[in-house]
>>> print(open('protein_33.txt').read())   # compact mmCIF, C-alpha atoms
# COMPACT_ATOMS: atom_id res chain seq x y z
CA MET A 246 -16.99 -18.90 -1.00
CA LYS A 247 -14.27 -19.96 1.42
CA LYS A 248 -13.99 -18.35 4.84
CA VAL A 249 -12.07 -15.05 4.79
CA ILE A 250 -10.93 -12.82 7.66
CA ILE A 251 -10.46 -9.20 6.59
CA THR A 252 -8.30 -7.03 8.84
CA ILE A 253 -8.39 -3.26 8.36
CA GLY A 254 -5.72 -0.78 9.42
CA ARG A 255 -6.57 2.84 8.73
CA GLU A 256 -5.45 6.45 8.96
CA TYR A 257 -7.67 8.61 11.15
CA GLY A 258 -10.25 10.40 9.02
CA SER A 259 -9.86 8.04 6.04
CA GLY A 260 -13.30 6.50 6.64
CA GLY A 261 -11.71 3.13 7.41
CA ARG A 262 -14.19 2.08 10.09
CA ILE A 263 -17.21 3.03 7.95
CA ILE A 264 -15.70 1.20 4.98
CA GLY A 265 -15.10 -1.86 7.17
CA ARG A 266 -18.69 -1.87 8.39
CA LYS A 267 -20.16 -1.46 4.88
CA LEU A 268 -17.88 -4.17 3.57
CA ALA A 269 -19.03 -6.55 6.31
CA GLU A 270 -22.69 -5.71 5.56
CA GLU A 271 -22.30 -6.27 1.81
CA LEU A 272 -20.48 -9.55 2.24
CA GLY A 273 -22.65 -10.74 5.12
CA PHE A 274 -19.59 -11.01 7.38
CA LYS A 275 -19.44 -10.36 11.12
CA PHE A 276 -17.92 -6.98 12.08
CA TYR A 277 -15.60 -6.40 15.04
CA ASP A 278 -14.61 -3.00 16.33
CA LYS A 279 -16.11 -1.70 19.59
CA GLU A 280 -17.97 -5.00 19.73
CA LEU A 281 -14.57 -6.61 19.95
CA LEU A 282 -13.63 -4.42 22.88
CA GLU A 283 -16.77 -5.47 24.71
CA GLU A 284 -16.04 -9.12 24.08
CA VAL A 285 -12.55 -8.58 25.46
CA ALA A 286 -14.03 -6.89 28.48
CA ARG A 287 -16.32 -9.83 29.16
CA LYS A 288 -13.46 -12.28 28.81
CA SER A 289 -10.91 -10.44 30.88
CA GLN A 290 -13.42 -9.06 33.38
CA LEU A 291 -12.01 -5.58 32.93
CA ALA A 292 -14.55 -2.78 32.89
CA PRO A 293 -15.24 -1.46 29.33
CA GLU A 294 -14.44 2.12 30.32
CA LEU A 295 -11.00 1.05 31.55
CA ILE A 296 -10.32 -0.76 28.29
CA SER A 297 -11.42 2.24 26.25
CA ARG A 298 -9.00 4.45 28.13
CA HIS A 299 -6.04 2.10 27.67
CA ASP A 300 -6.78 0.83 24.18
CA GLU A 301 -4.07 1.40 21.53
CA LYS A 302 -1.62 3.06 23.92
CA PRO A 303 1.89 1.62 23.62
CA ASN A 304 3.85 0.93 26.75
CA GLY A 305 6.24 -1.97 27.36
CA MET A 306 7.43 -4.62 24.92
CA MET A 307 5.60 -7.32 22.97
CA ASN A 308 8.34 -9.80 23.85
CA SER A 309 8.45 -9.04 27.52
CA LEU A 310 4.67 -9.19 27.52
CA PHE A 311 4.62 -12.75 26.27
CA ALA A 312 7.71 -13.79 28.22
CA SER A 313 5.90 -12.92 31.42
CA THR A 314 4.78 -15.98 33.34
CA SER A 315 1.81 -14.26 34.92
CA SER A 316 -0.45 -11.59 33.45
CA TYR A 317 -1.26 -10.27 36.92
CA SER A 318 1.99 -8.29 37.10
CA LEU A 319 1.53 -6.63 33.68
CA PRO A 320 0.60 -2.96 33.25
CA LEU A 321 -3.08 -2.53 32.38
CA ASN A 322 -2.54 -1.62 28.71
CA GLN A 323 -0.54 -4.81 28.18
CA LYS A 324 -3.26 -6.85 29.86
CA VAL A 325 -5.71 -5.27 27.45
CA PHE A 326 -3.48 -6.09 24.47
CA LEU A 327 -3.13 -9.68 25.68
CA ALA A 328 -6.89 -10.04 26.17
CA GLN A 329 -7.50 -8.64 22.67
CA PHE A 330 -4.82 -10.91 21.25
CA GLU A 331 -6.58 -13.96 22.65
CA THR A 332 -10.02 -12.74 21.59
CA ILE A 333 -8.89 -12.08 18.00
CA ARG A 334 -7.31 -15.56 17.80
CA GLU A 335 -10.55 -17.11 19.06
CA ILE A 336 -12.67 -15.14 16.58
CA ALA A 337 -10.38 -16.31 13.77
CA GLU A 338 -10.83 -19.94 14.83
CA LYS A 339 -14.60 -19.69 14.39
CA ASP A 340 -16.14 -21.13 11.24
CA GLU A 341 -17.32 -17.75 9.93
CA SER A 342 -15.93 -14.90 7.84
CA CYS A 343 -15.44 -11.50 9.49
CA VAL A 344 -14.00 -7.98 9.31
CA ILE A 345 -11.75 -6.78 12.17
CA VAL A 346 -10.81 -3.08 12.35
CA GLY A 347 -7.52 -2.06 14.02
CA ARG A 348 -5.91 -3.71 17.03
CA CYS A 349 -2.95 -5.23 15.11
CA ALA A 350 -5.24 -8.03 13.91
CA ASP A 351 -3.11 -8.48 10.77
CA TYR A 352 -0.05 -9.17 12.91
CA ILE A 353 -1.90 -11.32 15.42
CA LEU A 354 -3.22 -13.52 12.56
CA GLU A 355 -0.10 -13.45 10.36
CA ASP A 356 0.35 -17.24 10.44
CA ARG A 357 -3.08 -17.85 8.87
CA LYS A 358 -3.72 -18.31 5.15
CA ASP A 359 -7.37 -17.15 5.18
CA VAL A 360 -6.66 -13.50 5.99
CA VAL A 361 -6.77 -10.42 3.74
CA ASN A 362 -4.97 -7.44 5.28
CA VAL A 363 -6.18 -4.04 4.11
CA PHE A 364 -4.84 -0.56 4.90
CA ILE A 365 -6.99 2.49 4.19
CA HIS A 366 -5.53 5.96 3.81
CA ALA A 367 -6.46 9.29 2.23
CA PRO A 368 -4.83 12.65 1.45
CA LEU A 369 -4.59 14.93 4.50
CA ASP A 370 -6.93 17.62 3.12
CA GLN A 371 -9.69 15.04 2.57
CA ARG A 372 -9.26 13.64 6.09
CA ILE A 373 -9.44 17.11 7.62
CA LYS A 374 -12.64 17.73 5.62
CA ARG A 375 -14.21 14.51 6.91
CA ILE A 376 -13.36 15.22 10.56
CA VAL A 377 -14.65 18.80 10.28
CA GLU A 378 -17.96 17.51 8.86
CA LEU A 379 -18.33 14.57 11.25
CA TYR A 380 -17.49 16.33 14.51
CA ASN A 381 -18.19 19.95 13.62
CA ALA A 382 -14.56 20.74 14.52
CA ASP A 383 -12.54 23.61 13.02
CA GLU A 384 -9.75 22.73 10.57
CA LYS A 385 -6.88 23.43 12.96
CA LYS A 386 -8.36 21.21 15.66
CA ALA A 387 -9.11 18.48 13.09
CA LEU A 388 -5.48 18.50 11.90
CA GLU A 389 -4.19 18.29 15.50
CA THR A 390 -6.49 15.33 16.24
CA ILE A 391 -5.48 13.51 13.05
CA LYS A 392 -1.79 13.89 13.83
CA LYS A 393 -2.26 12.82 17.45
CA ILE A 394 -4.39 9.75 16.71
CA ASP A 395 -2.27 8.57 13.74
CA LYS A 396 0.87 8.91 15.84
CA LYS A 397 -0.76 6.84 18.58
CA ARG A 398 -1.91 4.17 16.10
CA ALA A 399 1.50 3.97 14.42
CA SER A 400 3.42 3.72 17.69
CA TYR A 401 0.98 1.13 19.06
CA TYR A 402 1.33 -0.95 15.91
CA ASN A 403 5.11 -0.58 15.50
CA PHE A 404 5.60 -1.31 19.17
CA PHE A 405 3.56 -4.48 19.49
CA THR A 406 4.43 -5.95 16.07
CA ASN A 407 7.57 -6.53 14.00
CA LYS A 408 6.04 -4.61 11.07
CA LYS A 409 5.64 -0.98 10.08
CA TRP A 410 2.23 0.70 10.10
CA GLY A 411 1.13 1.81 6.63
CA ARG A 412 4.02 0.15 4.75
CA SER A 413 2.34 -1.36 1.68
CA LEU A 414 4.37 -4.56 1.74
CA GLY A 415 2.67 -5.54 5.00
CA TYR A 416 -0.84 -5.50 3.48
CA HIS A 417 -2.53 -7.37 0.66
CA LEU A 418 -4.25 -4.16 -0.36
CA SER A 419 -3.57 -0.53 0.55
CA ILE A 420 -6.12 1.85 -0.84
CA ASP A 421 -6.68 5.60 -1.04
CA SER A 422 -10.30 6.13 -0.01
CA SER A 423 -10.53 9.50 -1.78
CA LEU A 424 -11.94 7.31 -4.56
CA GLY A 425 -15.17 7.44 -2.47
CA LEU A 426 -16.18 5.27 0.48
CA ASP A 427 -18.67 3.10 -1.46
CA GLN A 428 -16.23 2.75 -4.34
CA THR A 429 -13.45 1.73 -1.94
CA VAL A 430 -15.78 -0.92 -0.49
CA GLN A 431 -16.32 -2.29 -4.02
CA VAL A 432 -12.59 -2.58 -4.77
CA ILE A 433 -11.84 -4.36 -1.47
CA LYS A 434 -14.86 -6.61 -1.98
CA GLN A 435 -13.58 -7.67 -5.39
CA TYR A 436 -10.15 -8.51 -3.98
CA VAL A 437 -11.79 -10.60 -1.22
CA LEU A 438 -14.15 -12.41 -3.62
CA LEU A 439 -11.26 -13.26 -5.97
CA LYS A 440 -9.17 -14.44 -3.00
CA GLY A 441 -12.04 -16.61 -1.73
CA GLU A 442 -12.61 -18.35 -5.09
CA MET B 143 -14.70 7.29 -19.44
CA LYS B 144 -12.39 10.20 -18.64
CA LYS B 145 -8.70 10.05 -19.49
CA VAL B 146 -6.62 8.22 -16.86
CA ILE B 147 -2.86 7.80 -16.57
CA ILE B 148 -1.91 4.69 -14.57
CA THR B 149 1.62 4.61 -13.15
CA ILE B 150 2.97 1.30 -11.86
CA GLY B 151 5.81 0.83 -9.36
CA ARG B 152 6.71 -2.78 -8.64
CA GLU B 153 8.93 -5.14 -6.71
CA TYR B 154 11.13 -7.32 -8.90
CA GLY B 155 9.45 -10.67 -9.52
CA SER B 156 5.97 -9.44 -8.54
CA GLY B 157 4.74 -9.62 -12.14
CA GLY B 158 4.24 -5.84 -12.20
CA ARG B 159 5.27 -5.34 -15.83
CA ILE B 160 3.07 -8.20 -17.07
CA ILE B 161 0.16 -6.88 -15.00
CA GLY B 162 0.70 -3.40 -16.45
CA ARG B 163 0.69 -4.73 -20.01
CA LYS B 164 -2.48 -6.83 -19.47
CA LEU B 165 -4.19 -3.90 -17.80
CA ALA B 166 -3.37 -1.65 -20.76
CA GLU B 167 -4.65 -4.29 -23.19
CA GLU B 168 -7.92 -4.80 -21.31
CA LEU B 169 -8.59 -1.08 -20.99
CA GLY B 170 -7.40 -0.26 -24.50
CA PHE B 171 -4.75 2.10 -23.08
CA LYS B 172 -1.28 2.77 -24.49
CA PHE B 173 1.54 0.99 -22.63
CA TYR B 174 4.96 2.51 -21.89
CA ASP B 175 7.92 0.56 -20.63
CA LYS B 176 10.77 -0.28 -23.02
CA GLU B 177 8.79 1.61 -25.65
CA LEU B 178 9.23 4.65 -23.42
CA LEU B 179 12.97 4.16 -23.34
CA GLU B 180 13.07 4.09 -27.12
CA GLU B 181 11.06 7.26 -27.32
CA VAL B 182 13.48 8.88 -24.88
CA ALA B 183 16.34 7.68 -27.00
CA ARG B 184 14.86 9.22 -30.13
CA LYS B 185 14.26 12.51 -28.34
CA SER B 186 17.60 12.79 -26.62
CA GLN B 187 19.57 11.20 -29.43
CA LEU B 188 21.24 8.83 -26.99
CA ALA B 189 21.74 5.31 -28.27
CA PRO B 190 19.19 2.84 -26.75
CA GLU B 191 21.95 0.56 -25.46
CA LEU B 192 23.49 3.46 -23.53
CA ILE B 193 20.11 4.30 -21.97
CA SER B 194 19.52 0.67 -21.00
CA ARG B 195 22.84 0.57 -19.21
CA HIS B 196 22.22 3.77 -17.25
CA ASP B 197 18.50 3.41 -16.63
CA GLU B 198 17.36 3.46 -12.95
CA LYS B 199 20.85 3.98 -11.51
CA PRO B 200 20.93 6.74 -8.91
CA ASN B 201 23.80 9.19 -8.92
CA GLY B 202 23.63 12.91 -8.10
CA MET B 203 20.71 14.93 -6.81
CA MET B 204 17.28 15.69 -8.25
CA ASN B 205 17.65 19.31 -7.13
CA SER B 206 21.10 19.84 -8.53
CA LEU B 207 19.90 18.14 -11.69
CA PHE B 208 17.18 20.68 -12.25
CA ALA B 209 19.22 23.60 -10.93
CA SER B 210 21.78 22.97 -13.63
CA THR B 211 21.60 25.53 -16.40
CA SER B 212 22.84 23.18 -19.06
CA SER B 213 22.21 19.46 -19.46
CA TYR B 214 25.50 19.04 -21.31
CA SER B 215 27.54 19.00 -18.11
CA LEU B 216 25.36 16.36 -16.39
CA PRO B 217 26.45 12.76 -15.82
CA LEU B 218 24.83 10.40 -18.34
CA ASN B 219 22.35 8.79 -15.91
CA GLN B 220 21.01 12.24 -14.97
CA LYS B 221 20.67 13.15 -18.64
CA VAL B 222 18.68 9.95 -19.08
CA PHE B 223 16.46 10.83 -16.09
CA LEU B 224 15.90 14.31 -17.47
CA ALA B 225 15.04 12.99 -20.93
CA GLN B 226 12.59 10.48 -19.39
CA PHE B 227 11.13 13.22 -17.20
CA GLU B 228 10.36 15.32 -20.26
CA THR B 229 9.03 12.37 -22.24
CA ILE B 230 6.68 11.28 -19.43
CA ARG B 231 5.34 14.84 -19.09
CA GLU B 232 4.73 14.97 -22.85
CA ILE B 233 2.98 11.58 -22.85
CA ALA B 234 0.74 12.79 -20.01
CA GLU B 235 -0.21 15.89 -21.99
CA LYS B 236 -1.56 13.76 -24.84
CA ASP B 237 -5.28 13.26 -25.11
CA GLU B 238 -5.14 9.51 -24.44
CA SER B 239 -5.14 7.18 -21.44
CA CYS B 240 -2.02 5.12 -20.76
CA VAL B 241 -0.09 2.84 -18.39
CA ILE B 242 3.50 3.78 -17.49
CA VAL B 243 5.68 1.22 -15.66
CA GLY B 244 8.51 2.43 -13.38
CA ARG B 245 10.70 5.50 -13.93
CA CYS B 246 9.23 7.56 -11.04
CA ALA B 247 6.26 8.43 -13.26
CA ASP B 248 4.05 8.86 -10.16
CA TYR B 249 6.40 11.54 -8.83
CA ILE B 250 6.93 13.20 -12.19
CA LEU B 251 3.14 13.51 -12.63
CA GLU B 252 2.23 14.28 -9.01
CA ASP B 253 0.64 17.64 -9.83
CA ARG B 254 -1.94 16.03 -12.14
CA LYS B 255 -5.45 14.98 -11.08
CA ASP B 256 -5.94 12.30 -13.78
CA VAL B 257 -3.33 9.87 -12.44
CA VAL B 258 -3.79 6.58 -10.55
CA ASN B 259 -0.57 5.45 -8.87
CA VAL B 260 -0.29 1.70 -8.28
CA PHE B 261 2.40 -0.30 -6.47
CA ILE B 262 2.64 -4.05 -7.00
CA HIS B 263 4.38 -6.34 -4.54
CA ALA B 264 4.39 -10.02 -3.57
CA PRO B 265 5.79 -12.27 -0.82
CA LEU B 266 9.48 -13.11 -1.33
CA ASP B 267 8.92 -16.87 -1.83
CA GLN B 268 6.47 -16.20 -4.66
CA ARG B 269 8.84 -13.77 -6.34
CA ILE B 270 11.71 -16.26 -6.14
CA LYS B 271 9.42 -18.91 -7.69
CA ARG B 272 8.51 -16.60 -10.58
CA ILE B 273 12.12 -15.67 -11.33
CA VAL B 274 13.21 -19.33 -11.17
CA GLU B 275 10.47 -20.27 -13.66
CA LEU B 276 10.96 -17.29 -15.98
CA TYR B 277 14.75 -17.35 -16.24
CA ASN B 278 15.53 -20.96 -15.32
CA ALA B 279 17.71 -19.61 -12.45
CA ASP B 280 18.38 -21.46 -9.20
CA GLU B 281 16.73 -20.15 -6.01
CA LYS B 282 19.87 -18.64 -4.52
CA LYS B 283 20.64 -16.69 -7.69
CA ALA B 284 17.00 -15.57 -7.96
CA LEU B 285 17.08 -14.22 -4.39
CA GLU B 286 20.33 -12.34 -5.05
CA THR B 287 18.89 -10.77 -8.20
CA ILE B 288 15.66 -9.77 -6.45
CA LYS B 289 17.57 -8.08 -3.62
CA LYS B 290 19.92 -6.32 -6.02
CA ILE B 291 17.24 -5.01 -8.38
CA ASP B 292 14.83 -3.94 -5.61
CA LYS B 293 17.65 -2.10 -3.86
CA LYS B 294 18.47 -0.33 -7.12
CA ARG B 295 14.82 0.58 -7.75
CA ALA B 296 14.32 1.85 -4.20
CA SER B 297 17.46 3.97 -4.19
CA TYR B 298 16.68 5.37 -7.66
CA TYR B 299 13.17 6.29 -6.52
CA ASN B 300 14.10 7.65 -3.09
CA PHE B 301 16.94 9.61 -4.61
CA PHE B 302 15.13 11.36 -7.44
CA THR B 303 11.84 11.94 -5.57
CA ASN B 304 10.75 13.28 -2.17
CA LYS B 305 8.77 10.07 -1.50
CA LYS B 306 9.59 6.58 -0.26
CA TRP B 307 9.39 3.58 -2.60
CA GLY B 308 6.70 1.09 -1.57
CA ARG B 309 5.18 3.25 1.18
CA SER B 310 1.44 2.77 0.77
CA LEU B 311 0.57 6.41 1.43
CA GLY B 312 2.31 7.39 -1.79
CA TYR B 313 0.06 5.25 -4.00
CA HIS B 314 -3.68 5.13 -4.67
CA LEU B 315 -3.51 1.35 -4.65
CA SER B 316 -0.83 -1.05 -3.39
CA ILE B 317 -1.60 -4.64 -4.14
CA ASP B 318 -0.16 -8.08 -3.37
CA SER B 319 -0.11 -9.92 -6.70
CA SER B 320 -0.04 -13.35 -5.04
CA LEU B 321 -3.80 -13.04 -5.59
CA GLY B 322 -2.94 -14.05 -9.19
CA LEU B 323 -1.80 -11.83 -12.07
CA ASP B 324 -5.17 -11.83 -13.91
CA GLN B 325 -7.02 -11.25 -10.64
CA THR B 326 -4.70 -8.36 -9.76
CA VAL B 327 -5.43 -6.83 -13.17
CA GLN B 328 -9.16 -7.04 -12.40
CA VAL B 329 -8.85 -5.25 -9.04
CA ILE B 330 -6.73 -2.42 -10.49
CA LYS B 331 -9.09 -2.15 -13.46
CA GLN B 332 -12.05 -1.71 -11.13
CA TYR B 333 -10.28 1.06 -9.20
CA VAL B 334 -9.45 2.83 -12.47
CA LEU B 335 -12.98 2.48 -13.89
CA LEU B 336 -14.50 3.84 -10.66
CA LYS B 337 -11.99 6.72 -10.68
CA GLY B 338 -12.81 7.53 -14.30
CA GLU B 339 -16.59 7.67 -13.74
>>> encode(input="protein_33.txt", output="structure tokens")
Amino acid sequence: MKKVIITIGREYGSGGRIIGRKLAEELGFKFYDKELLEEVARKSQLAPELISRHDEKPNGMMNSLFASTSSYSLPLNQKVFLAQFETIREIAEKDESCVIVGRCADYILEDRKDVVNVFIHAPLDQRIKRIVELYNADEKKALETIKKIDKKRASYYNFFTNKKWGRSLGYHLSIDSSLGLDQTVQVIKQYVLLKGE
Amino acid sequence: MKKVIITIGREYGSGGRIIGRKLAEELGFKFYDKELLEEVARKSQLAPELISRHDEKPNGMMNSLFASTSSYSLPLNQKVFLAQFETIREIAEKDESCVIVGRCADYILEDRKDVVNVFIHAPLDQRIKRIVELYNADEKKALETIKKIDKKRASYYNFFTNKKWGRSLGYHLSIDSSLGLDQTVQVIKQYVLLKGE
């Protein structure tokens, strides 16, 4: 099949990262998530722990970021975004298919024809259940975390891009993972295989 | 497989109605679109041409509509909505799987567990191309029609429901039909078959 880059946006607790990893395994694609962060760190010579702390936190403007003549004067989170931006573009240039989770990859690669943008969501009660099971949290705490992280993801995305997080028109496929994680992988896989024909 | 009701929302020119019909054929499900309108007409004893003229035109409030003690005093388009509401609920009660295109069916059936809500969209240039080919219209006219009909569909939906038209979180599956109409049918079919297992 032809080369395909799959980008995955996801609600917290929807299983999006797990789905992305399984999808990459089944298709034999490379997978970028924390690995991506590490690659960024190597490139930009920022310490990984600093990047983790500043990752996906909006502050400043996409336009002003790119209008800047020097990256030295940028706030750290914008430096991180810029480093990730460059890394994602370089990954996309490689002659291999991959899955990239989060980090506005759909927006960063929007001029390419070989990309499939996926958004994964799930009903709130199912996401709470998953977080409770995964992290042994109580339901109230799980709900708070979901709201906090989704708000952060949405504002990061809406801030750095000209699109709206979770709006179906911005994705080739938006899918409710309450179907089951393995089942969701199968549906996305079929879309990708048909696209790559 | 278990009974499944598939509801389809769609952007104008995305091929949503054709996809819905093919999907119903492939799965051996009943298909409701204009047929639905006729059934409404028979039930409500409104002439089909009157229903066609007033179908999917927002005016008034969902709440006030249902708070009304008598349907005789309602404006015609709200009577039509009410008649469709009742018809869709009755169809859903039947012991058979079906596909229902448009008419806020996802909202009307939101309390049911046997429903798969699908939204079909496509990039604007592809939708213009389809309308030009289907109706022998020029590109400018096609664009005007697309904007007009989508605006009407969105305001109808947003008005009568508590959800937002085309927002991925409101659907189990939102899909870009530029994959190809037959291919889109296959992806939706897989979701439905996995859901019905």
>>> residues_around(input="protein_33.txt", residues="Val249 (chain A)", least_positions_apart="4", cutoff="6 Å", atoms="all atoms listed in the file", output="number ranges by chain")
A: 342, 359-360
>>> closest_residue(input="protein_33.txt", among="A:Thr390, A:Asn362, A:Gln323, A:Gln371", to="chain B", atoms="only C-alpha atoms")
A:Asn362
>>> atom_distance(input="protein_33.txt", atom1="CA of Glu335 (chain A)", atom2="CA of Glu355 (chain A)")
14.1 Å
>>> closest_atom_pairs(input="protein_33.txt", of="chain B", to="chain A", cutoff="9 Å", atoms="all atoms listed in the file", output="tab-separated table")
residue	atom	partner	partner_atom	distance
B:Phe261	CA	A:Ser413	CA	8.2
B:Ile262	CA	A:Leu414	CA	8.9
B:His263	CA	A:Leu414	CA	6.5
B:Ala264	CA	A:Leu414	CA	7.6
B:Pro265	CA	A:Leu414	CA	8.2
B:Gly308	CA	A:Ser413	CA	6.0
B:Arg309	CA	A:Arg412	CA	4.9
B:Ser310	CA	A:Ser413	CA	4.3
B:Leu311	CA	A:His366	CA	6.6
B:Tyr313	CA	A:Asp421	CA	7.4
B:His314	CA	A:Asp421	CA	4.7
B:Leu315	CA	A:Ile420	CA	4.6
B:Ser316	CA	A:Ser419	CA	4.8
B:Ile317	CA	A:Leu418	CA	4.6
B:Asp318	CA	A:His417	CA	4.7
B:Ser319	CA	A:His417	CA	8.2
B:Ser320	CA	A:His417	CA	8.6
B:Leu321	CA	A:Lys440	CA	6.1
B:Gly322	CA	A:Lys440	CA	8.8
B:Gln325	CA	A:Leu439	CA	6.6
B:Thr326	CA	A:Tyr436	CA	7.9
B:Gln328	CA	A:Gln435	CA	8.3
B:Val329	CA	A:Tyr436	CA	6.2
B:Ile330	CA	A:Val432	CA	8.2
B:Gln332	CA	A:Val432	CA	6.4
B:Tyr333	CA	A:Val432	CA	6.2
B:Leu336	CA	A:Gln428	CA	6.6
B:Lys337	CA	A:Leu424	CA	6.1
>>> atom_distance(input="protein_33.txt", atom1="CA of Leu169 (chain B)", atom2="CA of Leu323 (chain B)")
15.5 Å
>>> closest_residue(input="protein_33.txt", among="B:Met143, B:Leu266, B:Asp253, B:Arg231", to="Gly170 (chain B)", atoms="all atoms listed in the file")
B:Met143
>>> atom_distance(input="protein_33.txt", atom1="CA of Lys221 (chain B)", atom2="CA of Arg152 (chain B)")
23.4 Å
>>> closest_residue(input="protein_33.txt", among="A:Ile345, A:Ala387, A:Asp340, A:Arg357", to="Gly261 (chain A)", atoms="all atoms listed in the file")
A:Ile345
>>> axis_aligned_box(input="protein_33.txt", around="region 222-239 of chain B", padding_each_side="4 Å", output="AutoDock Vina command-line options")
--center_x 6.7 --center_y 11.5 --center_z -20.6 --size_x 32.0 --size_y 16.7 --size_z 17.0
>>> residues_around(input="protein_33.txt", residues="region 270-273 of chain B", least_positions_apart="5", cutoff="9 Å", atoms="all atoms listed in the file", output="PyMOL selection string")
chain B and resi 154-157+265+278-282+284-285+287-288
